[in-house]
Amino acid sequence: MRALGPETRAPEHDRASLHDLSGAIAAVLPSLERFLRFEGTDPARSRSRWRPALDQTLPVSGIGRDAVLADLADLVVANGLRTGHPGFSGWVTTMPTDVGAAADLAQAVAVPQRWWATAGNFVDDLAMRWLIALLGFPASFAGTFSAGGSTANLIGLGAARQHAGERLGLHPSRDGNGGLVEPRVYCSTQTHHVVGRALGVLGLGRQSLRPIALDRHGTIDLDRLQAALDEDAAAGRTPVAIVACGGDVNLGRVDPIADLARIARERGIWLHVDGAYGGWGMLDDRVRARFGDPATYDSFAIDPHKWLAAPVGTGAVIVRDAELLARAFEIESGAYDRERLVPVGVDDTGSPFDEVGLGTPDFGVDFSAPARGLAVWAILREIGSRGMRERVMRHNDCARRVAELARACDELELLAEPVLSICCFRYRPSGWNDEERLDSLNEAILRGVRARGRTVTSSTRVGARFAIRPCFINPRSTLADAEALIGEVLTVGRELTIQAGSASDPASVRSGGNRPGSSGPST
């Protein structure tokens, strides 16, 4: 393929800009740099300004490159989502680091397809090998990158379905689930709902999920699990998998995975570990033992776009048996792509299009796919295993710091001891004992804290109680940001408590008051 020289012009038959990528990036870059400073009141809250400007009808002829880039810079980027702000500890999401974002751009331009023998294809495969080593899996394990944890869990459970069928002499991915009598997948009540959805997609049905109650530690009750397994075995039902929480997204607790692995081995059942959020916790030696031995897992889902801060849309699944996984997701070839099955040797004599490269589409649900591992490789090459371990430990320390401050303050109540980087607490002023009223107060505090803009966090319920729930995975967050969150909760909580005490109707706090401090410090 002939290289384009400086005198070569873009084809005039296409309306798209094809010859000035650097100019396009330069047009947007200043807006991106301003966005990353997180200055002033969050402009995205001014929806009445940017929504009408964007809500236009489809143009017939197009408005041209410069106008689109201006809209991208002034309307989209400027009103973006500030999940990378140091004070953001909401949900389980963040934004990519500088190198991760640059790798994402490089992938979009230079590696638009993960296949064929290019450097991007090689790095995609290398990144998976690095990830397997980083997390302590044997080198014999294999894996693939996916669109996220939902897909990674689907792939792991698809392999579990294949395993359960093959034990009965069946081939579910080819012939369907007909021979799997009343299939069952066992998990704790804290298992993420994407697991049930995966069972629906796989044709096993959401009703095949058998939730097991929690024990006094807030993890799956092993005795109840054994009883459920015995009951289903006696009824002739088909055990497909035991799903372990490798850090649930509600409280960050880790199931007793070593015990679950033993039970799974004794009964010949597939063990799948959902570590989409918390699997990175294995890098912190203080909690490493909770995860057991990764060599005993059959499949494992994890999200590099969470704690590793790769671009969103980067999940991964790691499996013990690569051949079984390939049978579970095998894709037949057509006449047009049969040559991909006969790769040529690794040498410099032919075109990169003569060799399919590393990896296989038989490991998941994608066929055409980006090289998602490119950003993973770039980030790990930048910070190394030590940098990732330090990040995980720092964020786990943030949760512990929140817990420490909550225990030390009479106005705060710790609702769950942190295990990983999540800590649940609430504001509880003296004399407030009505649970419904406390829930309303803390909901209002959460809205007020977000309105002030210094910190943004999320919520959950611990038991029946409304909890403020920071989850620290943001590379920009430090202990100072954890401490700032506590300060913001106390500031807003005290103001709302005073308002409620002076109101004729103390229940008025349920409306959230007048959004306290909305003119105060901002992001």
# chains A, B, ... in the order shown; residues from 1 in each chain; ligands from 1

call {"tool": "select_by_dssp", "arguments": {"residues": "stretch 420-483 of chain A", "states": "strand (DSSP E or B)", "output": "NGL selection string"}}
result
:A and (422 or 424-427 or 456-462 or 465-469 or 471)

call {"tool": "residues_around", "arguments": {"residues": "A:Leu441", "least_positions_apart": "2", "cutoff": "12 Å", "atoms": "only C-alpha atoms", "output": "PyMOL selection string"}}
result
chain A and resi 426-429+432-439+443-448+465-468+489+492-501+506-513

call {"tool": "residues_around", "arguments": {"residues": "A:Val287", "least_positions_apart": "2", "cutoff": "12 Å", "atoms": "only C-alpha atoms", "output": "list in words"}}
result
Gly246, Gly247, Gly252, Arg253, Val254, Asp255, Pro256, Gly278, Gly279, Trp280, Gly281, Met282, Leu283, Asp284, Asp285, Ala289, Arg290, Phe291, Gly292, Val392, Met393, Asn396, Asp397, Pro418, Val419, Leu420 and Ser421 of chain A

call {"tool": "closest_residue", "arguments": {"among": "A:Leu308, A:Ser31, A:Gly268, A:Gly203", "to": "A:Gly384", "atoms": "only C-alpha atoms"}}
result
A:Leu308

call {"tool": "select_by_dssp", "arguments": {"residues": "stretch 260-364 of chain A", "states": "helix (DSSP H, G or I)", "output": "compact mmCIF listing (two decimals) with C-alpha atoms, in the first residue's frame"}}
result
# COMPACT_ATOMS: atom_id res chain seq x y z
CA LEU A 260 -16.36 -21.61 47.29
CA ALA A 261 -13.53 -23.01 45.16
CA ARG A 262 -13.35 -26.08 47.39
CA ILE A 263 -17.11 -26.64 47.18
CA ALA A 264 -17.07 -26.19 43.41
CA ARG A 265 -14.24 -28.72 43.00
CA GLU A 266 -15.89 -31.29 45.26
CA ARG A 267 -19.10 -31.09 43.26
CA GLY A 278 -13.11 -5.44 43.28
CA GLY A 279 -10.84 -7.92 41.55
CA TRP A 280 -8.07 -5.34 41.58
CA GLY A 281 -8.16 -5.66 45.37
CA MET A 282 -5.96 -8.73 44.97
CA LEU A 283 -3.08 -6.28 44.56
CA ARG A 288 -5.23 -10.56 49.25
CA ALA A 289 -6.09 -13.67 51.28
CA ARG A 290 -9.82 -13.00 50.86
CA PHE A 291 -9.54 -13.85 47.16
CA PRO A 294 -6.69 -17.52 41.42
CA ALA A 295 -5.41 -20.86 40.10
CA THR A 296 -8.59 -22.41 41.53
CA ALA A 322 -9.12 -21.89 26.60
CA GLU A 323 -10.31 -24.77 24.43
CA LEU A 324 -13.61 -25.03 26.26
CA LEU A 325 -14.12 -21.27 25.97
CA ALA A 326 -13.49 -21.52 22.23
CA ARG A 327 -16.13 -24.26 21.95
CA ALA A 328 -18.58 -22.11 23.89
CA ALA A 335 -16.05 -18.44 2.17
CA TYR A 336 -15.00 -14.80 2.27
CA ASP A 337 -12.88 -15.21 5.42
CA ARG A 338 -11.75 -18.81 5.20
CA GLU A 339 -8.17 -17.72 4.62
CA ARG A 340 -8.00 -16.40 8.18
CA LEU A 341 -7.86 -20.01 9.35
CA PRO A 352 0.28 -7.86 7.43
CA PHE A 353 -3.07 -8.70 5.82
CA ASP A 354 -1.71 -12.17 4.97
CA PRO A 361 -12.97 -14.27 17.93
CA ASP A 362 -13.95 -17.66 19.39
CA PHE A 363 -13.28 -16.28 22.87

call {"tool": "closest_residue", "arguments": {"among": "A:Leu485, A:Leu18, A:Val99, A:Leu358", "to": "A:Gly120", "atoms": "only C-alpha atoms"}}
result
A:Leu358

call {"tool": "residues_around", "arguments": {"residues": "A:Thr97", "least_positions_apart": "6", "cutoff": "10 Å", "atoms": "only C-alpha atoms", "output": "list of chain:residue names"}}
result
A:Gly84, A:Ala103, A:Leu308, A:Ala309, A:Ala310, A:Pro311, A:Ala375, A:Ile379, A:Asn474, A:Pro475, A:Arg476

call {"tool": "atom_distance", "arguments": {"atom1": "atom CA of A:Val312", "atom2": "atom CA of A:Ser46"}}
result
24.7 Å

call {"tool": "closest_residue", "arguments": {"among": "A:Thr360, A:Thr349, A:Ser173, A:Asn153", "to": "A:His272", "atoms": "only C-alpha atoms"}}
result
A:Asn153

call {"tool": "closest_residue", "arguments": {"among": "A:Ala484, A:Leu204, A:Ala451, A:Val185", "to": "A:Asp42", "atoms": "only C-alpha atoms"}}
result
A:Ala451

call {"tool": "residues_around", "arguments": {"residues": "A:Val240", "least_positions_apart": "3", "cutoff": "8 Å", "atoms": "only C-alpha atoms", "output": "list in words"}}
result
Ala160, Arg161, His163, Ala164, Pro183, Arg184, Val185, Ile269 and Trp270 of chain A

call {"tool": "write_last_selection", "arguments": {"atoms": "C-alpha atoms", "output": "PDB file, in the first residue's frame"}}
result
ATOM      1  CA  ALA A 160     -19.796 -22.435  32.504  1.00  0.00           C
ATOM      2  CA  ARG A 161     -22.863 -23.456  30.490  1.00  0.00           C
ATOM      3  CA  HIS A 163     -18.840 -27.050  30.851  1.00  0.00           C
ATOM      4  CA  ALA A 164     -22.105 -28.149  32.461  1.00  0.00           C
ATOM      5  CA  PRO A 183     -30.262 -25.312  35.261  1.00  0.00           C
ATOM      6  CA  ARG A 184     -29.102 -23.491  38.385  1.00  0.00           C
ATOM      7  CA  VAL A 185     -26.502 -20.817  39.014  1.00  0.00           C
ATOM      8  CA  ILE A 269     -19.255 -27.219  39.323  1.00  0.00           C
ATOM      9  CA  TRP A 270     -17.760 -24.259  37.488  1.00  0.00           C
TER      10      TRP A 270
END

call {"tool": "residues_around", "arguments": {"residues": "A:Leu251", "least_positions_apart": "6", "cutoff": "10 Å", "atoms": "only C-alpha atoms", "output": "list of chain:residue names"}}
result
A:Gln190, A:Gly218, A:Leu415, A:Ala416, A:Glu417, A:Pro418, A:Val419, A:Leu420, A:Ser421, A:Ile422, A:Cys423, A:Cys424, A:Thr460, A:Arg461, A:Val462, A:Arg469, A:Pro470, A:Cys471

call {"tool": "write_last_selection", "arguments": {"atoms": "C-alpha atoms", "output": "PDB file, in the first residue's frame"}}
result
ATOM      1  CA  GLN A 190     -25.296  -9.141  46.600  1.00  0.00           C
ATOM      2  CA  GLY A 218     -22.308  -9.953  54.802  1.00  0.00           C
ATOM      3  CA  LEU A 415     -22.857   1.601  58.622  1.00  0.00           C
ATOM      4  CA  ALA A 416     -20.362  -0.950  57.304  1.00  0.00           C
ATOM      5  CA  GLU A 417     -16.663  -1.505  57.866  1.00  0.00           C
ATOM      6  CA  PRO A 418     -14.774  -1.107  54.594  1.00  0.00           C
ATOM      7  CA  VAL A 419     -13.070  -4.082  53.006  1.00  0.00           C
ATOM      8  CA  LEU A 420     -11.942  -2.535  49.736  1.00  0.00           C
ATOM      9  CA  SER A 421     -12.394   1.092  48.622  1.00  0.00           C
ATOM     10  CA  ILE A 422     -16.078   1.536  49.517  1.00  0.00           C
ATOM     11  CA  CYS A 423     -17.219   2.957  52.849  1.00  0.00           C
ATOM     12  CA  CYS A 424     -20.882   3.428  53.833  1.00  0.00           C
ATOM     13  CA  THR A 460     -26.946   2.750  48.680  1.00  0.00           C
ATOM     14  CA  ARG A 461     -28.870   1.011  51.421  1.00  0.00           C
ATOM     15  CA  VAL A 462     -27.259  -0.938  54.206  1.00  0.00           C
ATOM     16  CA  ARG A 469     -21.446   5.552  49.735  1.00  0.00           C
ATOM     17  CA  PRO A 470     -18.113   6.820  48.398  1.00  0.00           C
ATOM     18  CA  CYS A 471     -16.236   4.402  46.148  1.00  0.00           C
TER      19      CYS A 471
END

call {"tool": "closest_residue", "arguments": {"among": "A:Ala142, A:Leu180, A:Ala73, A:Val273", "to": "A:Asp248", "atoms": "only C-alpha atoms"}}
result
A:Val273

call {"tool": "decode", "arguments": {"residues": "stretch 20-147 of chain A", "atoms": "C-alpha atoms", "output": "short mmCIF file (atom, residue, chain, number, x, y, z; two decimals), in the first residue's frame"}}
result
data_model
loop_
_atom_site.label_atom_id
_atom_site.label_comp_id
_atom_site.auth_asym_id
_atom_site.auth_seq_id
_atom_site.Cartn_x
_atom_site.Cartn_y
_atom_site.Cartn_z
CA ASP A 20 -5.78 16.88 8.64
CA LEU A 21 -6.06 14.82 11.79
CA SER A 22 -3.60 17.04 13.63
CA GLY A 23 -5.72 20.08 12.82
CA ALA A 24 -8.86 18.37 14.05
CA ILE A 25 -7.18 17.37 17.31
CA ALA A 26 -5.71 20.85 17.73
CA ALA A 27 -9.18 22.36 17.41
CA VAL A 28 -10.52 20.30 20.31
CA LEU A 29 -7.43 20.00 22.52
CA PRO A 30 -7.70 23.40 24.28
CA SER A 31 -11.26 22.58 25.33
CA LEU A 32 -10.14 19.20 26.66
CA GLU A 33 -7.35 20.82 28.65
CA ARG A 34 -9.77 23.37 30.12
CA PHE A 35 -12.17 20.56 31.01
CA LEU A 36 -9.44 18.69 32.88
CA ARG A 37 -8.82 21.71 35.10
CA PHE A 38 -12.37 21.24 36.49
CA GLU A 39 -12.68 24.96 37.17
CA GLY A 40 -15.80 26.84 38.16
CA THR A 41 -19.33 25.61 38.57
CA ASP A 42 -19.97 22.45 36.58
CA PRO A 43 -21.28 23.79 33.24
CA ALA A 44 -23.12 20.53 32.46
CA ARG A 45 -25.74 21.51 35.04
CA SER A 46 -26.85 24.37 32.72
CA ARG A 47 -28.89 22.00 30.58
CA SER A 48 -31.19 24.76 29.35
CA ARG A 49 -28.18 26.24 27.52
CA TRP A 50 -26.53 23.31 25.79
CA ARG A 51 -29.45 20.99 25.06
CA PRO A 52 -31.25 23.33 22.63
CA ALA A 53 -27.94 24.12 20.93
CA LEU A 54 -27.32 20.42 20.29
CA ASP A 55 -30.90 19.33 19.55
CA GLN A 56 -30.85 19.98 15.81
CA THR A 57 -32.36 18.11 12.90
CA LEU A 58 -30.18 15.87 10.76
CA PRO A 59 -28.43 18.09 8.17
CA VAL A 60 -28.79 17.18 4.52
CA SER A 61 -25.46 18.53 3.30
CA GLY A 62 -23.57 18.65 6.58
CA ILE A 63 -22.20 21.73 8.33
CA GLY A 64 -18.54 21.06 7.61
CA ARG A 65 -15.52 20.07 9.65
CA ASP A 66 -14.81 23.36 11.40
CA ALA A 67 -18.37 23.86 12.61
CA VAL A 68 -18.57 20.30 13.95
CA LEU A 69 -15.25 20.64 15.76
CA ALA A 70 -16.44 23.90 17.30
CA ASP A 71 -19.60 22.20 18.56
CA LEU A 72 -17.52 19.31 19.87
CA ALA A 73 -15.24 21.67 21.79
CA ASP A 74 -17.75 24.28 22.99
CA LEU A 75 -20.85 22.17 23.61
CA VAL A 76 -19.86 18.53 24.16
CA VAL A 77 -16.44 18.68 25.83
CA ALA A 78 -17.19 21.83 27.84
CA ASN A 79 -20.32 20.19 29.26
CA GLY A 80 -18.74 16.78 29.86
CA LEU A 81 -19.01 14.46 32.83
CA ARG A 82 -16.53 15.29 35.59
CA THR A 83 -15.90 11.76 36.80
CA GLY A 84 -12.18 12.51 36.85
CA HIS A 85 -12.43 15.35 39.36
CA PRO A 86 -10.36 14.46 42.47
CA GLY A 87 -13.48 14.80 44.61
CA PHE A 88 -15.50 12.33 42.55
CA SER A 89 -16.14 9.06 44.39
CA GLY A 90 -19.53 8.18 42.97
CA TRP A 91 -20.67 4.76 41.76
CA VAL A 92 -17.83 2.63 40.32
CA THR A 93 -16.59 4.73 37.46
CA THR A 94 -13.87 7.20 36.59
CA MET A 95 -12.25 8.72 33.52
CA PRO A 96 -9.11 7.53 31.73
CA THR A 97 -5.67 8.81 32.58
CA ASP A 98 -3.67 10.83 30.05
CA VAL A 99 -1.85 7.85 28.58
CA GLY A 100 -5.03 5.78 28.50
CA ALA A 101 -6.86 8.50 26.58
CA ALA A 102 -3.94 8.90 24.15
CA ALA A 103 -3.85 5.13 23.61
CA ASP A 104 -7.59 5.20 22.90
CA LEU A 105 -7.04 7.76 20.16
CA ALA A 106 -4.13 5.76 18.77
CA GLN A 107 -6.31 2.65 18.73
CA ALA A 108 -9.17 4.43 16.95
CA VAL A 109 -6.88 5.69 14.19
CA ALA A 110 -4.13 3.09 13.78
CA VAL A 111 -5.74 -0.11 15.11
CA PRO A 112 -9.40 0.19 14.04
CA GLN A 113 -9.58 -3.62 13.94
CA ARG A 114 -7.75 -5.87 16.40
CA TRP A 115 -7.05 -8.56 13.79
CA TRP A 116 -4.14 -9.02 11.35
CA ALA A 117 -0.44 -8.91 12.09
CA THR A 118 0.11 -5.37 13.34
CA ALA A 119 1.81 -3.96 16.40
CA GLY A 120 -1.61 -3.15 17.84
CA ASN A 121 -2.72 -6.76 17.53
CA PHE A 122 0.47 -7.97 19.21
CA VAL A 123 0.12 -5.46 22.06
CA ASP A 124 -3.54 -6.44 22.55
CA ASP A 125 -2.43 -10.02 23.17
CA LEU A 126 0.54 -8.93 25.29
CA ALA A 127 -1.71 -6.81 27.51
CA MET A 128 -3.81 -9.88 28.35
CA ARG A 129 -0.67 -11.83 29.26
CA TRP A 130 0.42 -8.95 31.48
CA LEU A 131 -2.99 -8.80 33.14
CA ILE A 132 -2.94 -12.53 33.85
CA ALA A 133 0.50 -12.20 35.45
CA LEU A 134 -0.38 -9.04 37.40
CA LEU A 135 -3.39 -10.68 39.05
CA GLY A 136 -1.56 -13.87 39.93
CA PHE A 137 -3.15 -16.34 37.51
CA PRO A 138 -1.06 -19.20 36.10
CA ALA A 139 0.46 -18.47 32.71
CA SER A 140 -1.57 -21.39 31.31
CA PHE A 141 -4.79 -19.38 31.74
CA ALA A 142 -6.13 -17.44 28.76
CA GLY A 143 -8.36 -14.44 28.29
CA THR A 144 -9.91 -11.86 26.05
CA PHE A 145 -10.91 -8.23 26.30
CA SER A 146 -14.58 -7.35 26.13
CA ALA A 147 -16.85 -4.32 26.06
#
